[in-house]
Structure formats: structure tokens, C-alpha cells
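K.L.:
Contents of input27.csv (CSV, C-alpha atoms and all ligand atoms):
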```csv
chain,number,residue,atom,x,y,z
Z,1,MET,CA,-27.8,135.6,-56.2
Z,2,THR,CA,-30.6,138.1,-55.7
Z,3,GLY,CA,-28.7,140.4,-58.1
Z,4,THR,CA,-28.9,137.5,-60.7
Z,5,HIS,CA,-32.7,137.6,-60.5
Z,6,ALA,CA,-32.8,141.4,-60.9
Z,7,MET,CA,-30.3,141.1,-63.9
Z,8,LEU,CA,-32.2,138.2,-65.6
Z,9,SER,CA,-35.6,139.9,-65.1
Z,10,HIS,CA,-34.5,142.5,-67.8
Z,11,PHE,CA,-34.7,139.8,-70.5
Z,12,PRO,CA,-38.4,138.8,-70.2
Z,13,ILE,CA,-39.5,142.4,-69.5
Z,14,GLY,CA,-37.5,143.8,-72.4
Z,15,PHE,CA,-38.5,141.1,-74.9
Z,16,TRP,CA,-42.1,141.2,-73.8
Z,17,ALA,CA,-42.2,145.0,-74.2
Z,18,LEU,CA,-40.6,144.7,-77.6
Z,19,ALA,CA,-43.0,141.9,-78.7
Z,20,THR,CA,-46.0,143.9,-77.6
Z,21,LEU,CA,-44.8,146.9,-79.6
Z,22,MET,CA,-44.1,144.7,-82.6
Z,23,ILE,CA,-47.6,143.2,-82.5
Z,24,LEU,CA,-49.1,146.7,-82.3
Z,25,VAL,CA,-47.0,147.9,-85.2
Z,26,GLY,CA,-47.6,144.7,-87.2
Z,27,ALA,CA,-51.3,144.9,-86.6
Z,28,PHE,CA,-52.0,148.6,-87.3
Z,29,LEU,CA,-49.3,150.0,-89.5
Z,30,SER,CA,-48.3,149.1,-93.1
Z,31,GLY,CA,-45.0,149.4,-94.9
Z,32,ARG,CA,-41.5,148.1,-94.2
Z,33,LEU,CA,-41.5,148.5,-90.4
Z,34,ALA,CA,-44.8,146.6,-90.1
Z,35,GLU,CA,-43.4,143.8,-92.3
Z,36,LEU,CA,-40.2,143.6,-90.3
Z,37,SER,CA,-42.2,143.5,-87.1
Z,38,ARG,CA,-44.4,140.6,-88.3
Z,39,ALA,CA,-41.4,138.7,-89.7
Z,40,ALA,CA,-39.2,139.0,-86.6
Z,41,LEU,CA,-41.9,138.5,-84.0
Z,42,LEU,CA,-41.5,134.7,-83.5
Z,43,PRO,CA,-37.8,134.8,-82.5
Z,44,VAL,CA,-38.4,137.7,-80.1
Z,45,LEU,CA,-41.2,135.8,-78.5
Z,46,VAL,CA,-39.1,132.6,-78.2
Z,47,LEU,CA,-36.3,134.7,-76.6
Z,48,SER,CA,-38.8,136.2,-74.2
Z,49,LEU,CA,-39.9,132.8,-73.0
Z,50,LEU,CA,-36.3,131.6,-72.5
Z,51,GLY,CA,-35.6,134.8,-70.5
Z,52,ALA,CA,-38.8,134.3,-68.4
Z,53,LEU,CA,-37.9,130.6,-67.7
Z,54,ALA,CA,-34.4,131.6,-66.5
Z,55,THR,CA,-35.8,134.4,-64.3
Z,56,LEU,CA,-38.5,132.1,-62.8
Z,57,THR,CA,-36.1,129.3,-62.3
Z,58,ILE,CA,-33.5,131.5,-60.5
Z,59,GLY,CA,-36.4,133.0,-58.4
Z,60,PHE,CA,-37.5,129.6,-57.2
Z,61,LEU,CA,-33.9,128.5,-56.6
Z,62,ILE,CA,-33.0,131.6,-54.5
Z,63,TRP,CA,-35.9,132.1,-52.2
Z,64,PRO,CA,-37.4,129.3,-50.2
Z,65,MET,CA,-41.0,128.6,-51.1
Z,66,ALA,CA,-42.1,129.0,-47.5
Z,67,ALA,CA,-40.7,132.6,-47.6
Z,68,ASN,CA,-42.3,133.3,-51.0
Z,69,LEU,CA,-45.7,132.2,-49.8
Z,70,ALA,CA,-45.5,134.0,-46.5
Z,71,SER,CA,-45.4,137.4,-48.2
Z,72,PRO,CA,-48.6,138.4,-50.0
Z,73,LEU,CA,-46.6,140.9,-52.0
Z,74,ALA,CA,-44.2,138.1,-53.2
Z,75,ARG,CA,-47.2,135.8,-53.9
Z,76,ASN,CA,-48.8,138.4,-56.1
Z,77,HIS,CA,-45.4,139.0,-57.8
Z,78,ILE,CA,-45.0,135.3,-58.6
Z,79,LEU,CA,-48.7,134.9,-59.7
Z,80,MET,CA,-48.3,137.8,-62.1
Z,81,ALA,CA,-45.0,136.4,-63.4
Z,82,LEU,CA,-46.8,133.0,-64.1
Z,83,TRP,CA,-49.8,134.7,-65.8
Z,84,SER,CA,-47.4,136.8,-68.0
Z,85,LEU,CA,-45.6,133.6,-69.0
Z,86,GLY,CA,-49.0,131.9,-69.8
Z,87,ILE,CA,-50.1,134.8,-72.0
Z,88,PHE,CA,-46.9,135.1,-73.9
Z,89,THR,CA,-46.7,131.3,-74.3
Z,90,MET,CA,-50.1,131.4,-75.9
Z,91,LEU,CA,-48.9,134.3,-78.2
Z,92,THR,CA,-45.8,132.3,-79.2
Z,93,THR,CA,-47.9,129.2,-80.0
Z,94,LEU,CA,-50.4,131.2,-82.1
Z,95,VAL,CA,-47.6,133.0,-84.0
Z,96,TRP,CA,-45.7,129.8,-84.5
Z,97,ARG,CA,-48.7,127.8,-85.7
Z,98,ALA,CA,-50.3,130.5,-87.8
Z,99,GLY,CA,-47.0,131.6,-89.4
Z,100,ASP,CA,-47.5,134.4,-92.0
Z,101,ALA,CA,-51.3,134.2,-91.5
Z,102,ALA,CA,-51.1,135.3,-87.8
Z,103,PHE,CA,-51.9,138.9,-88.7
Z,104,ASP,CA,-54.6,138.2,-91.3
Z,105,GLY,CA,-58.0,139.9,-90.9
Z,106,ALA,CA,-59.7,139.6,-87.5
Z,107,ARG,CA,-57.0,137.3,-86.3
Z,108,ARG,CA,-54.8,140.2,-85.5
Z,109,TRP,CA,-57.2,141.3,-82.8
Z,110,VAL,CA,-56.4,138.1,-80.8
Z,111,LEU,CA,-52.7,139.0,-80.9
Z,112,VAL,CA,-53.5,142.6,-80.0
Z,113,ILE,CA,-55.8,141.8,-77.1
Z,114,LEU,CA,-53.4,139.1,-75.7
Z,115,ALA,CA,-50.4,141.5,-76.1
Z,116,LEU,CA,-52.2,144.3,-74.2
Z,117,VAL,CA,-53.3,142.0,-71.4
Z,118,GLY,CA,-49.8,140.5,-71.3
Z,119,GLY,CA,-48.3,144.0,-71.2
Z,120,LEU,CA,-50.4,144.9,-68.2
Z,121,LEU,CA,-49.5,141.7,-66.4
Z,122,PHE,CA,-45.7,141.9,-67.0
Z,123,ALA,CA,-45.7,145.6,-66.0
Z,124,ALA,CA,-47.5,144.5,-62.7
Z,125,THR,CA,-44.9,141.8,-62.2
Z,126,GLY,CA,-42.0,144.2,-62.5
Z,127,THR,CA,-43.8,146.8,-60.4
Z,128,LEU,CA,-44.4,144.3,-57.6
Z,129,GLY,CA,-40.7,143.2,-57.9
Z,130,GLY,CA,-39.8,146.9,-57.4
Z,131,HIS,CA,-41.9,147.1,-54.3
Z,132,LEU,CA,-40.2,144.0,-52.9
Z,133,VAL,CA,-36.9,145.7,-53.1
Z,134,GLY,CA,-38.2,149.1,-52.1
Z,135,ALA,CA,-37.9,150.7,-55.6
Z,136,THR,CA,-41.5,151.8,-56.2
Z,137,THR,CA,-42.7,153.3,-59.5
Z,138,ALA,CA,-45.5,155.5,-60.7
Z,139,PHE,CA,-47.1,152.4,-62.4
Z,140,SER,CA,-48.6,151.5,-58.9
Z,141,ALA,CA,-50.9,154.5,-59.4
Z,142,VAL,CA,-52.1,153.0,-62.7
Z,143,LEU,CA,-52.8,149.7,-60.9
Z,144,GLY,CA,-54.6,151.8,-58.2
Z,145,LEU,CA,-56.9,153.3,-60.9
Z,146,MET,CA,-57.9,149.7,-61.8
Z,147,GLY,CA,-58.7,149.0,-58.1
Z,148,TRP,CA,-55.5,147.2,-57.3
Z,149,GLU,CA,-53.8,148.8,-54.2
Z,150,VAL,CA,-50.3,147.3,-54.2
Z,151,TYR,CA,-50.1,147.0,-50.4
Z,152,THR,CA,-53.7,146.0,-49.6
Z,153,THR,CA,-55.1,144.0,-52.6
Z,154,PHE,CA,-54.2,140.3,-52.3
Z,155,TYR,CA,-57.2,138.8,-54.1
Z,156,SER,CA,-58.9,139.2,-57.5
Z,157,PRO,CA,-61.9,141.6,-57.3
Z,158,LEU,CA,-65.0,140.1,-58.7
Z,159,TRP,CA,-65.1,142.6,-61.6
Z,160,VAL,CA,-61.6,141.5,-62.6
Z,161,ILE,CA,-62.7,137.9,-62.8
Z,162,ALA,CA,-65.8,139.0,-64.8
Z,163,VAL,CA,-63.6,141.0,-67.3
Z,164,MET,CA,-61.3,138.0,-67.7
Z,165,VAL,CA,-64.3,135.7,-68.4
Z,166,ILE,CA,-65.6,138.2,-71.0
Z,167,ILE,CA,-62.2,138.5,-72.6
Z,168,GLY,CA,-61.9,134.7,-72.8
Z,169,LEU,CA,-65.3,134.4,-74.4
Z,170,ALA,CA,-64.6,137.2,-76.8
Z,171,LEU,CA,-61.3,135.6,-77.9
Z,172,GLY,CA,-63.1,132.3,-78.4
Z,173,ALA,CA,-65.8,133.9,-80.5
Z,174,ILE,CA,-63.2,135.8,-82.6
Z,175,GLY,CA,-61.4,132.4,-83.1
Z,176,ILE,CA,-64.5,130.6,-84.2
Z,177,ILE,CA,-65.6,133.5,-86.5
Z,178,SER,CA,-62.2,133.7,-88.3
Z,179,GLN,CA,-62.0,129.9,-88.6
Z,180,ARG,CA,-65.4,129.9,-90.3
Z,181,LYS,CA,-64.3,132.7,-92.7
Z,182,THR,CA,-61.1,130.9,-93.7
Z,183,GLY,CA,-62.6,127.4,-93.6
G,1,LIG,C1,-40.9,136.3,-65.4
G,1,LIG,C2,-40.6,136.2,-64.1
G,1,LIG,C3,-40.2,137.3,-63.2
G,1,LIG,C4,-39.9,138.6,-63.5
G,1,LIG,C5,-39.9,139.3,-64.8
G,1,LIG,C6,-39.5,139.2,-62.2
G,1,LIG,C7,-39.1,140.5,-62.0
G,1,LIG,C8,-38.6,141.1,-60.9
G,1,LIG,C9,-38.1,142.4,-60.8
G,1,LIG,C10,-38.0,143.5,-61.9
G,1,LIG,C11,-37.7,142.6,-59.5
G,1,LIG,C12,-37.0,143.8,-58.9
G,1,LIG,C13,-35.5,143.6,-58.9
G,1,LIG,C14,-34.7,144.8,-58.5
G,1,LIG,O1,-35.0,145.9,-58.9
G,1,LIG,O2,-33.7,144.6,-57.8
G,1,LIG,C15,-37.9,141.3,-58.8
G,1,LIG,C16,-37.7,141.1,-57.4
G,1,LIG,C17,-38.0,140.0,-56.8
G,1,LIG,N1,-38.5,138.8,-57.3
G,1,LIG,FE1,-39.0,138.5,-59.2
G,1,LIG,N2,-39.5,138.3,-61.2
G,1,LIG,C18,-40.0,137.1,-61.8
G,1,LIG,C19,-40.2,135.9,-61.1
G,1,LIG,C20,-40.0,135.7,-59.8
G,1,LIG,C21,-40.2,134.4,-59.1
G,1,LIG,C22,-40.6,133.1,-59.7
G,1,LIG,C23,-39.9,134.6,-57.7
G,1,LIG,C24,-39.9,133.7,-56.6
G,1,LIG,C25,-40.1,132.4,-56.6
G,1,LIG,C26,-39.5,136.0,-57.6
G,1,LIG,C27,-39.2,136.6,-56.4
G,1,LIG,C28,-38.7,137.9,-56.3
G,1,LIG,C29,-38.3,138.5,-55.0
G,1,LIG,C30,-38.3,137.8,-53.6
G,1,LIG,C31,-37.8,139.8,-55.3
G,1,LIG,C32,-37.2,140.8,-54.3
G,1,LIG,C33,-35.7,140.7,-54.5
G,1,LIG,C34,-34.9,141.2,-53.4
G,1,LIG,O3,-35.4,141.4,-52.3
G,1,LIG,O4,-33.7,141.4,-53.7
G,1,LIG,N3,-39.6,136.6,-58.9
G,1,LIG,N4,-38.5,140.4,-59.7
```
Written as C-alpha cells, how would this file's structure read?
P.N.:
Amino acid sequence: MTGTHAMLSHFPIGFWALATLMILVGAFLSGRLAELSRAALLPVLVLSLLGALATLTIGFLIWPMAANLASPLARNHILMALWSLGIFTMLTTLVWRAGDAAFDGARRWVLVILALVGGLLFAATGTLGGHLVGATTAFSAVLGLMGWEVYTTFYSPLWVIAVMVIIGLALGAIGIISQRKTG
């Protein structure tokens, strides 16, 4: 069963990586490739959520909750998985509700910022999963540059919480400004 979790985890990670790339291409490039990226984004996001739900469900079915919560590394892995799901659910809702207008004007920045934050979070999820099975990657060094030492950081540093609040406020402001422009 543990192999099933490892196998299923490729779906959210793969689709989230693809969706992030499609958002960057759709937001910053023009031409056929950008059009295709914008048009095909919603199905890719929906598939990513289905893959994530399957991976999360199998994770919760395989390992007893007491065991998950006893390991700080596993706790952080699950926390990052849930944050990634939250960010990509937001992206899916935005793209689904806004339709063709999701990339219009300043709105594209909401998608870009969410996709980049989501990219960081799902990369951390996979990295911590790798640490749980003894398959470490160089991405831990990137996390280290941001103050997150994989084997010793089991809390959110204050500056991370401050950055998250600033990002939240900035996204809210962008939303209000673009709503006023279109309204
Ligand atoms: C979107 C959700 C998730 C993703 C993308 C993900 C990803 C991964 C990855 C890539 C690995 C390494 C697998 C390997 O190389 O063999 C892993 C391992 C692991 N994951 Fe997750 N995971 C997710 C959710 C969860 C959840 C919800 C739990 C527990 C409730 C969990 C518990 C574990 C454990 C315990 C391992 C170590 C596996 C082992 O010892 O064989 N994961 N995960």
C-alpha cells in the first residue's frame, strides 16, 4: 500500500507542476502556446485536484493518524500537502469562475502569485515525502535558504507568517482594484 501512495503522488505533483507552467506561459507569453495554455488550464487543474484527493485519501488510509502525528517530519509533510491542496483549489475556483477573463489585466498576477506559492508548497510536500523514505533531494537546500531546515524546523518562523499576511493583503488589494476597473 505504501507503494500506492508513492505512485499516486505523481499525479498531483505532475499536474500541479504543469498547471504552474501553463499559468506562467499564459500570463507572460503571447501566441498559440499561450492561448492553448489558457484554454487547457481548467481541466489540468481539475485533474490535479482529483489526483491530490486520491493521494491524500490513501495517505490517511495507510498510516494510522497517531503515527502520522508522532513524527514532526510527517506532520509537516501532511501540512504542506493540505496547504498545496488549498492553494490549487483556490486557483481552480478562480479559473472556473472567471473563465476566459481569468488572465485579463492585473488579474493574471493573482494566478501567477498563487501558482508560485503553490509551486513552493507542493515542492516542499514532495521533498518531505522523499525525506520520509530516505530519498533526499537538493531542494532541501533551497528550503534551507529560506530558513527551513528540514530536520529541525517544525514551526512557522514569524517572518513566514508576516510574508503570508502581506501576500494575503496584496491579493485582496489586487482583487478589489481589478473589480473596480471592470465594474
Ligand atoms: C497531495 C498530497 C500528498 C503528496 C503529493 C505526497 C507526496 C509524497 C511523496 C512524493 C512521497 C515519497 C514517496 C517515495 O518516494 O516513495 C511521500 C511519502 C510519504 N507520505 Fe505523502 N504525499 C501526500 C499526502 C500524504 C498524506 C495525507 C499522508 C498521511 C496521512 C502522507 C504520508 C506519507 C508518508 C508516511 C510517507 C513515507 C512513505 C514510506 O515510508 O513509504 N502523505 N508522499
K.L.:
How would you report the residues lying within 6 Å of ligand LIG 1 (chain G), as a VMD selection string, if you count only C-alpha atoms and all ligand atoms?
P.N.:
chain Z and resid 2 6 9 12 to 13 52 55 to 56 59 to 60 74 78 81 125 to 126 129 to 130 132 to 133
K.L.:
The selected residues should be written to file as a compact mmCIF listing (two decimals), in the coordinates of the input (atoms: C-alpha atoms).
P.N.:
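Wrote out-v2.txt, looks like this:
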```txt
# COMPACT_ATOMS: atom_id res chain seq x y z
CA THR Z 2 -30.60 138.10 -55.70
CA ALA Z 6 -32.80 141.40 -60.90
CA SER Z 9 -35.60 139.90 -65.10
CA PRO Z 12 -38.40 138.80 -70.20
CA ILE Z 13 -39.50 142.40 -69.50
CA ALA Z 52 -38.80 134.30 -68.40
CA THR Z 55 -35.80 134.40 -64.30
CA LEU Z 56 -38.50 132.10 -62.80
CA GLY Z 59 -36.40 133.00 -58.40
CA PHE Z 60 -37.50 129.60 -57.20
CA ALA Z 74 -44.20 138.10 -53.20
CA ILE Z 78 -45.00 135.30 -58.60
CA ALA Z 81 -45.00 136.40 -63.40
CA THR Z 125 -44.90 141.80 -62.20
CA GLY Z 126 -42.00 144.20 -62.50
CA GLY Z 129 -40.70 143.20 -57.90
CA GLY Z 130 -39.80 146.90 -57.40
CA LEU Z 132 -40.20 144.00 -52.90
CA VAL Z 133 -36.90 145.70 -53.10
```
K.L.:
Go through Z:Leu143, Z:Arg38, Z:Val112, Z:Trp16 one by one, measure the shortest atom-to-atom distance of each to Leu85 in chain Z using only C-alpha atoms, and give the residue with the smallest value.
P.N.:
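Comparing Z:Leu143, Z:Arg38, Z:Val112, Z:Trp16 against Leu85 in chain Z, the winner is Z:Trp16.
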K.L.:
Which is closest to Leu121 in chain Z among Z:Leu73, Z:Ala17, Z:Leu29, Z:Ala162, if we use only C-alpha atoms?
P.N.:
Z:Ala17
K.L.:
As an exercise, work out the distance from CA of Gly99 in chain Z to CA of Ala40 in chain Z in Å and give it to one decimal place.
P.N.:
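Going from CA of Gly99 in chain Z over to CA of Ala40 in chain Z, I get 11.1 Å.
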K.L.:
Using all atoms listed in the file, find the one residue out of Z:Ala66, Z:Ala123, Z:Ile113, Z:Val46 that sits nearest to Ser84 in chain Z.
P.N.:
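Residue with the minimum atom-to-atom distance to Ser84 in chain Z: Z:Ala123.
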K.L.:
Could you please determine the separation between CA of Val150 in chain Z and CA of Thr127 in chain Z in Å, to one decimal place?
P.N.:
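That distance, rounded to one decimal, is 9.0 Å.
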K.L.:
Which one is closest to Ala138 in chain Z: Z:Leu42, Z:Val110, Z:Leu158, Z:Ala124? Count all atoms listed in the file.
P.N.:
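Ranked by minimum distance to Ala138 in chain Z, first place goes to Z:Ala124.
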K.L.:
Which is closer to Gly105 in chain Z than all the others in Z:Gly26, Z:Gly3, Z:Ser178, Z:Phe88, using all atoms listed in the file?
P.N.:
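Of Z:Gly26, Z:Gly3, Z:Ser178, Z:Phe88, the one nearest Gly105 in chain Z, counting all atoms listed in the file, is Z:Ser178.
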K.L.:
From (-59.4, 136.8, -72.0), in the file's coordinates, out to 12 Å: which residues are reached, counting all atoms listed in the file? Answer as a ChimeraX atom specification.
P.N.:
/Z:83,86-87,90,109-118,160-174
K.L.:
So which one's closest to Arg75 in chain Z, Z:Leu128, Z:Ser37, Z:Ala19, Z:Ala135? Using only C-alpha atoms, please.
P.N.:
Z:Leu128
K.L.:
Using CA of Arg107 in chain Z and CA of Thr182 in chain Z as the two end points, give the distance in Å to one decimal.
P.N.:
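Distance between the two atoms: 10.6 Å.
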